[in-house]
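Notes follow the structure.
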Amino acid sequence: MQSINSTTNLLPASYIINALHHILRARVFMSDLDTPYSRAILPNINHPTIELNSRSISTIVTTHQHELNAVLHEISGLEMAMDDIDILHQQLFERMEKIIQSIAFHKGLGSALWRLPPEILSLIFHHCVPEGYWSPASNQAPLLLTRICRPWRDVALNTPSLWCKLYVNIKLNEKEDDISSYVHGWEEEDVEADDKDWQQAAFLYDSWLTRSQGCPLSLVLRRYPSTKLLRNLLQPYMHQISSLSIAFPRQTGRPQHLLEGLSTLRELVLLRYYPNTLQSISQLPSTMRVLDVMELGSPLGIDHVSSLNPVLAHLTHVKIPLRDIDTLLQLLRLCPNLSSLTPKVFNDGKTLKPVTHANIQSFHMGPAITQVLADMFDALSLPNLRIFEAHCPGDGPWPHKQLKDLFARSKCPLESLIFTGKVTAEAVPQAEYLALIPSLNIVVSLYPPLYPLR
């Protein structure tokens with residue numbers, strides 16, 4: 001019996017269904033099973049009502065056995081036919097679903113979305129990606145956009161700016177806790193280049209970076225099993241990296257390898273400090289504009305800051321922990337183009353020489369001892385200052401007088417004065433600040449506003 005999946009004698013499903021209806025309505029011939037013996041009353045062996053013929057009975061049994069075999073064969077054939085009918089039924093349902101999908105797709109072609117030129121569609125795609133840095137997750141844009149349909153995939157893959165940000169988080173050791181590794185760092189793993197898991201991760205990240213097609217890259221190197229392997233992975237793209245945020249593993253061998261060859265770097269954020277890292281920072285290119293080392297394990301002294309030259313001369317935005325006010329003033333001398341500074345000063349300094357910085361427009365001061373702040377305010381002049389933000393530990397003494405003197409001495413076009421922390425509005429002499437600068441916007445808030453670094 002030929003199966004319905006056979007490739008020969010193909011017929012439309014409707015023909016097969018009509019034929020089945022015609023066959024099933026027909027009456028099936030059933031042979032008569034009655035015999036002279038079956039029509040008689042059950043014979044009494046002691047007083048038989050009919051004469052028994054052994055040869056005749058044997059013939060009847062043989063005939064019925066042949067008929068039974070034929071029926072069994074027909075039942076088997078019918079079961080096979082029913083299986084084929086079930087297959088046909090399933091095929092028709094699958095065909096129905098595909099037709100419905102095709103109708104929906106072609107109806108959608110009438111939508112203006114499908115008539116948008118690739119340039120407009122590319123702009124729309126940029127609004128689909130999550131904020132911040134992008135991880136290669138298949139359920140998020142931009143990778144998700146490549147799985148919708150072929151036209152969208154082509155547009156997404158040929159939009160380099162969709163692939164210019166990347167969050168690298170490669171964890172081959174599943175036993176280590178993410179929070180613990182973030183706080184205390186992580187150990188490099190004993191991984192070779194031919195490791196299967198590493199090769200799979202490297203292929204994914206390399207494919208992503210290749211699609212950037214030479215566009216400037218912004219990378220966050222959050223975690224990776226080997227500095228050497230990561231450097232080899234990034235080697236073809238080092239000249240594209242314009243923004244780099246990097247965490248180093250504990251006891252890494254040569255972290256500076258990830259800071260070499262960055263010929264177009266503009267922004268660097270370091271999440272962990274190593275003694276030989278400062279030398280690598282000093283050798284970064286003249287394209288550098290933003291340096292954020294606020295998360296370093298310990299504050300930097302004058303010698304540390306001085307060792308960062310010559311890159312300091314090019315910086316416009318800096319976040320940095322400093323040992324004392326002397327170090328802060330030295331930093332200002334070495335950064336003539338600085339327009340935004342967020343320092344964290346730990347100790348008072350010696351007798352301070354006045355410093356004027358003509359380019360700083362925003363100054364964000366973290367928690368510090370009151371006397372440290374007072375001495376710093378007395379030494380500074382910031383004639384171009386527009387935003388000043390300070391974190392106040394509470395309602396205790398705070399050097400408002402010295403800060404007002406700084407503003408008066410600087411004659412700066414200050415626009416916003418922001419106090420954050422546990423300070424209350426009543427503890428801030430707002431009237432005195434407004435008397436000095438009538439148009440000043442004063443904000444007293446528990447939390448700082450979300451200013452971008454640049």
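Each chain of the structure tokens is named A, B, ... in the order shown, its residues numbered from 1; ligands are numbered from 1 in display order.
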
According to DSSP computed on the backbone, where in range 360-402 of chain A is there helix (DSSP H, G or I)? Give the residues as a compact mmCIF listing (two decimals) with C-alpha atoms, in the first residue's frame.
```
# COMPACT_ATOMS: atom_id res chain seq x y z
CA THR A 370 35.51 71.02 56.43
CA GLN A 371 38.97 72.49 56.91
CA VAL A 372 40.18 70.78 53.74
CA LEU A 373 37.36 72.43 51.80
CA ALA A 374 37.95 75.83 53.40
CA ASP A 375 41.65 75.81 52.50
CA MET A 376 40.89 74.65 48.98
CA PHE A 377 38.26 77.36 48.42
CA ASP A 378 40.70 80.00 49.69
CA ALA A 379 43.35 78.89 47.19
CA HIS A 400 30.00 78.57 53.09
CA LYS A 401 31.95 81.79 53.73
CA GLN A 402 35.03 80.51 51.89
```

6 Å contact set for range 219-224 of chain A, only C-alpha atoms, chain neighbours under 5 positions out, as a list in words: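 These residues fall inside the cut-off: Lys165, Leu166, Tyr167, Val168, Asn169, Ile170, Leu244, Ser245, Ile246 and Ala247 of chain A.
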
File of the preceding selection, C-alpha atoms, as a PDB file, in the first residue's frame:
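result21.pdb written:
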```pdb
ATOM      1  CA  LYS A 165      29.107  49.714  21.796  1.00  0.00           C
ATOM      2  CA  LEU A 166      29.854  46.472  23.589  1.00  0.00           C
ATOM      3  CA  TYR A 167      29.782  45.183  27.166  1.00  0.00           C
ATOM      4  CA  VAL A 168      32.283  42.326  27.504  1.00  0.00           C
ATOM      5  CA  ASN A 169      31.488  39.897  30.305  1.00  0.00           C
ATOM      6  CA  ILE A 170      33.047  36.483  29.676  1.00  0.00           C
ATOM      7  CA  LEU A 244      37.194  52.266  27.252  1.00  0.00           C
ATOM      8  CA  SER A 245      35.974  51.250  30.702  1.00  0.00           C
ATOM      9  CA  ILE A 246      38.059  48.460  32.145  1.00  0.00           C
ATOM     10  CA  ALA A 247      38.276  46.313  35.265  1.00  0.00           C
TER      11      ALA A 247
END
```

As a PDB file with N, CA, C and O atoms, in the first residue's frame, please: the residues near Pro438 in chain A (cut-off 12 Å, only C-alpha atoms, same-chain neighbours under 3 positions excluded).
```
ATOM      1  N   PRO A 413      30.441  83.221  36.019  1.00  0.00           N
ATOM      2  CA  PRO A 413      29.031  83.225  35.584  1.00  0.00           C
ATOM      3  C   PRO A 413      28.275  82.005  36.127  1.00  0.00           C
ATOM      4  O   PRO A 413      27.680  81.233  35.365  1.00  0.00           O
ATOM      5  N   LEU A 414      28.287  81.831  37.443  1.00  0.00           N
ATOM      6  CA  LEU A 414      27.713  80.632  38.046  1.00  0.00           C
ATOM      7  C   LEU A 414      26.206  80.559  37.783  1.00  0.00           C
ATOM      8  O   LEU A 414      25.471  81.525  37.996  1.00  0.00           O
ATOM      9  N   GLU A 415      25.758  79.383  37.354  1.00  0.00           N
ATOM     10  CA  GLU A 415      24.340  79.172  37.033  1.00  0.00           C
ATOM     11  C   GLU A 415      23.654  78.256  38.040  1.00  0.00           C
ATOM     12  O   GLU A 415      22.492  78.468  38.384  1.00  0.00           O
ATOM     13  N   SER A 416      24.363  77.210  38.501  1.00  0.00           N
ATOM     14  CA  SER A 416      23.748  76.221  39.399  1.00  0.00           C
ATOM     15  C   SER A 416      24.663  75.954  40.578  1.00  0.00           C
ATOM     16  O   SER A 416      25.863  75.704  40.410  1.00  0.00           O
ATOM     17  N   GLN A 430      20.981  80.495  51.568  1.00  0.00           N
ATOM     18  CA  GLN A 430      20.616  80.741  50.177  1.00  0.00           C
ATOM     19  C   GLN A 430      20.512  82.236  49.873  1.00  0.00           C
ATOM     20  O   GLN A 430      20.892  82.684  48.779  1.00  0.00           O
ATOM     21  N   ALA A 431      20.012  83.013  50.818  1.00  0.00           N
ATOM     22  CA  ALA A 431      19.857  84.452  50.581  1.00  0.00           C
ATOM     23  C   ALA A 431      21.206  85.114  50.321  1.00  0.00           C
ATOM     24  O   ALA A 431      21.321  86.008  49.470  1.00  0.00           O
ATOM     25  N   GLU A 432      22.235  84.659  51.029  1.00  0.00           N
ATOM     26  CA  GLU A 432      23.562  85.253  50.852  1.00  0.00           C
ATOM     27  C   GLU A 432      24.143  84.901  49.482  1.00  0.00           C
ATOM     28  O   GLU A 432      24.792  85.731  48.832  1.00  0.00           O
ATOM     29  N   TYR A 433      23.891  83.680  49.050  1.00  0.00           N
ATOM     30  CA  TYR A 433      24.363  83.292  47.711  1.00  0.00           C
ATOM     31  C   TYR A 433      23.610  84.078  46.632  1.00  0.00           C
ATOM     32  O   TYR A 433      24.203  84.533  45.643  1.00  0.00           O
ATOM     33  N   LEU A 434      22.300  84.250  46.806  1.00  0.00           N
ATOM     34  CA  LEU A 434      21.506  84.989  45.827  1.00  0.00           C
ATOM     35  C   LEU A 434      21.863  86.470  45.824  1.00  0.00           C
ATOM     36  O   LEU A 434      21.768  87.124  44.777  1.00  0.00           O
ATOM     37  N   ALA A 435      22.253  87.004  46.968  1.00  0.00           N
ATOM     38  CA  ALA A 435      22.685  88.395  47.007  1.00  0.00           C
ATOM     39  C   ALA A 435      23.955  88.585  46.184  1.00  0.00           C
ATOM     40  O   ALA A 435      24.171  89.645  45.569  1.00  0.00           O
ATOM     41  N   ASN A 441      20.639  79.414  40.469  1.00  0.00           N
ATOM     42  CA  ASN A 441      19.698  78.325  40.764  1.00  0.00           C
ATOM     43  C   ASN A 441      20.307  77.452  41.848  1.00  0.00           C
ATOM     44  O   ASN A 441      21.330  76.795  41.637  1.00  0.00           O
ATOM     45  N   ILE A 442      19.679  77.429  43.034  1.00  0.00           N
ATOM     46  CA  ILE A 442      20.210  76.683  44.178  1.00  0.00           C
ATOM     47  C   ILE A 442      19.360  75.433  44.392  1.00  0.00           C
ATOM     48  O   ILE A 442      18.134  75.506  44.478  1.00  0.00           O
TER      49      ILE A 442
END
```

Quick one: everything within 8 Å of Arg266 in chain A, counting only C-alpha atoms, minus sequence neighbours fewer than 2 positions away in the same chain. Send it as a PDB file with N, CA, C and O atoms, in the first residue's frame.
```
ATOM      1  N   SER A 242      37.467  54.392  21.089  1.00  0.00           N
ATOM      2  CA  SER A 242      37.486  55.790  21.527  1.00  0.00           C
ATOM      3  C   SER A 242      37.089  55.932  22.988  1.00  0.00           C
ATOM      4  O   SER A 242      37.431  56.925  23.626  1.00  0.00           O
ATOM      5  N   SER A 243      36.357  54.957  23.511  1.00  0.00           N
ATOM      6  CA  SER A 243      35.947  54.986  24.916  1.00  0.00           C
ATOM      7  C   SER A 243      36.170  53.601  25.504  1.00  0.00           C
ATOM      8  O   SER A 243      35.722  52.596  24.929  1.00  0.00           O
ATOM      9  N   THR A 264      43.315  56.207  19.124  1.00  0.00           N
ATOM     10  CA  THR A 264      42.228  57.195  19.001  1.00  0.00           C
ATOM     11  C   THR A 264      41.412  57.316  20.286  1.00  0.00           C
ATOM     12  O   THR A 264      40.295  57.848  20.261  1.00  0.00           O
ATOM     13  N   LEU A 268      38.759  57.177  29.172  1.00  0.00           N
ATOM     14  CA  LEU A 268      39.222  55.995  29.889  1.00  0.00           C
ATOM     15  C   LEU A 268      38.650  56.003  31.300  1.00  0.00           C
ATOM     16  O   LEU A 268      38.768  56.990  32.030  1.00  0.00           O
ATOM     17  N   THR A 287      44.673  62.384  21.876  1.00  0.00           N
ATOM     18  CA  THR A 287      43.222  62.430  21.675  1.00  0.00           C
ATOM     19  C   THR A 287      42.453  62.306  22.983  1.00  0.00           C
ATOM     20  O   THR A 287      41.240  62.537  23.019  1.00  0.00           O
ATOM     21  N   MET A 288      43.117  61.937  24.065  1.00  0.00           N
ATOM     22  CA  MET A 288      42.453  61.745  25.359  1.00  0.00           C
ATOM     23  C   MET A 288      41.802  63.034  25.854  1.00  0.00           C
ATOM     24  O   MET A 288      42.416  64.109  25.845  1.00  0.00           O
ATOM     25  N   ARG A 289      40.552  62.905  26.323  1.00  0.00           N
ATOM     26  CA  ARG A 289      39.823  64.047  26.870  1.00  0.00           C
ATOM     27  C   ARG A 289      39.202  63.752  28.236  1.00  0.00           C
ATOM     28  O   ARG A 289      39.008  64.662  29.034  1.00  0.00           O
ATOM     29  N   VAL A 290      38.854  62.501  28.499  1.00  0.00           N
ATOM     30  CA  VAL A 290      38.126  62.144  29.722  1.00  0.00           C
ATOM     31  C   VAL A 290      38.888  61.057  30.465  1.00  0.00           C
ATOM     32  O   VAL A 290      39.247  60.028  29.886  1.00  0.00           O
TER      33      VAL A 290
END
```

Residue nearest Phe105 in chain A - candidates A:Cys149, A:Tyr15, A:Gly261, A:Asp154, atoms counted: only C-alpha atoms: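 Using only C-alpha atoms, the shortest distance to Phe105 in chain A belongs to A:Cys149.
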